[in-house]
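See below for the structure under consideration.
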Amino acid sequence: MYLHVGQDIMVATDAIVAIVSKELLETSKDVRDLYAKLRSEGRVNGNLKEAKTLVVTRTGIILSNISANTLVRRVERLEDPFR
């Protein structure tokens with residue numbers, strides 16, 4: 001199944017490793033280090049200024065303007081549509 005993460009981008013749900021709030025860039029050294037490493041490798045897609053969420057995938061990070069809570073709810077609905 002695929003998750004719409006904004007800006008006309010769809011991601012296979014089985015490729016998603018984590019969905020985290022952009023605020024973790026400020027509070028978590030691990031998230032900052034991962035972001036910096038993937039950005040230096042050209043594996044970050046999106047605009048950080050407009051982002052609310054980092055969608056970490058097996059191949060990189062997608063910056064989304066949709067809140068982490070909303071994206072998590074969408075994934076849950078995909079897994080259990082009668083929820």
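Going by the structure tokens order, chains are called A, B, ..., each with residues numbered from 1, while ligands are numbered from 1 in the order shown.
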* Secondary structure check, strand (DSSP E) residues of chain A, as a PyMOL selection string -> chain A and resi 2-6+9-12+16-21+44-45+53-57+61-64
* So which residues touch segment 64-67 of chain A within 10 Å, counting only C-alpha atoms, skipping near sequence neighbours fewer than 3 positions away, as a PyMOL selection string? -> chain A and resi 4-7+9+19-22+45-55+61+70-72
Export of prior selection with N, CA and C atoms as a short mmCIF file (atom, residue, chain, number, x, y, z; two decimals), in the first residue's frame:
```
data_model
loop_
_atom_site.label_atom_id
_atom_site.label_comp_id
_atom_site.auth_asym_id
_atom_site.auth_seq_id
_atom_site.Cartn_x
_atom_site.Cartn_y
_atom_site.Cartn_z
N HIS A 4 0.14 8.81 0.96
CA HIS A 4 0.34 10.14 0.40
C HIS A 4 0.93 11.02 1.50
N VAL A 5 2.13 11.55 1.27
CA VAL A 5 2.81 12.35 2.30
C VAL A 5 2.84 13.83 1.96
N GLY A 6 2.06 14.24 0.97
CA GLY A 6 2.01 15.64 0.57
C GLY A 6 2.84 15.89 -0.67
N GLN A 7 2.65 17.07 -1.26
CA GLN A 7 3.39 17.51 -2.44
C GLN A 7 3.39 16.47 -3.56
N ILE A 9 3.53 13.32 -3.45
CA ILE A 9 4.48 12.23 -3.22
C ILE A 9 3.77 11.07 -2.53
N ILE A 19 8.11 7.86 11.14
CA ILE A 19 7.44 9.13 10.86
C ILE A 19 7.64 9.96 12.12
N VAL A 20 8.43 11.04 12.00
CA VAL A 20 8.76 11.83 13.19
C VAL A 20 8.52 13.32 12.95
N SER A 21 8.17 14.00 14.01
CA SER A 21 7.94 15.44 13.96
C SER A 21 9.26 16.17 13.67
N LYS A 22 9.17 17.23 12.91
CA LYS A 22 10.34 18.06 12.60
C LYS A 22 11.00 18.58 13.88
N ASN A 45 14.46 14.77 0.44
CA ASN A 45 13.55 15.30 -0.57
C ASN A 45 12.56 16.24 0.11
N GLY A 46 12.53 17.50 -0.31
CA GLY A 46 11.55 18.44 0.23
C GLY A 46 12.20 19.69 0.80
N ASN A 47 11.33 20.58 1.29
CA ASN A 47 11.74 21.88 1.80
C ASN A 47 11.64 21.89 3.33
N LEU A 48 12.76 22.08 4.01
CA LEU A 48 12.78 22.05 5.47
C LEU A 48 11.95 23.17 6.07
N LYS A 49 11.93 24.34 5.45
CA LYS A 49 11.16 25.47 6.00
C LYS A 49 9.67 25.17 6.05
N GLU A 50 9.16 24.45 5.06
CA GLU A 50 7.73 24.15 4.99
C GLU A 50 7.36 22.85 5.69
N ALA A 51 8.35 22.07 6.10
CA ALA A 51 8.11 20.74 6.65
C ALA A 51 7.57 20.78 8.07
N LYS A 52 6.71 19.81 8.35
CA LYS A 52 6.23 19.55 9.71
C LYS A 52 6.71 18.18 10.18
N THR A 53 7.04 17.32 9.20
CA THR A 53 7.33 15.92 9.51
C THR A 53 8.47 15.40 8.64
N LEU A 54 9.26 14.50 9.22
CA LEU A 54 10.27 13.77 8.48
C LEU A 54 9.77 12.33 8.33
N VAL A 55 9.64 11.90 7.09
CA VAL A 55 9.28 10.51 6.82
C VAL A 55 10.58 9.81 6.44
N ILE A 61 15.10 10.53 3.38
CA ILE A 61 14.11 11.25 4.17
C ILE A 61 13.26 12.08 3.23
N THR A 70 -1.20 13.09 11.65
CA THR A 70 -2.07 12.81 10.51
C THR A 70 -1.52 11.67 9.67
N LEU A 71 -0.22 11.68 9.41
CA LEU A 71 0.38 10.62 8.61
C LEU A 71 0.27 9.26 9.31
N VAL A 72 0.49 9.25 10.62
CA VAL A 72 0.36 7.99 11.37
C VAL A 72 -1.07 7.48 11.29
#
```
* **Selected residue of minimal separation from Val17 of chain A among A:Ile62, A:Val56, A:Ser40, A:Phe82, counting only C-alpha atoms** => A:Val56
* Per DSSP on the backbone, filter chain A down to the residues in helix (DSSP H, G or I) and report them as a ChimeraX atom specification. => /A:13-15,24-27,29-40,68-79
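Here the question is which of A:Leu63, A:Ala15, A:Leu25, A:Val31 gets nearest to Met1 of chain A using only C-alpha atoms, and that residue is A:Ala15.
Minimum atom-to-atom distances from A:Asp33, A:Glu26, A:Pro81, A:Arg58 to Asp14 of chain A were compared using only C-alpha atoms, and the lowest value belongs to A:Arg58.
Atom pair atom CA of Val75 of chain A / atom CA of Thr13 of chain A has a distance of 7.4 Å (rounded to one decimal).
Distance annotation: of A:Ala36, A:Glu23, A:Val44, A:Leu3, the residue with the minimal separation from Arg74 of chain A is A:Leu3; atom set is only C-alpha atoms.
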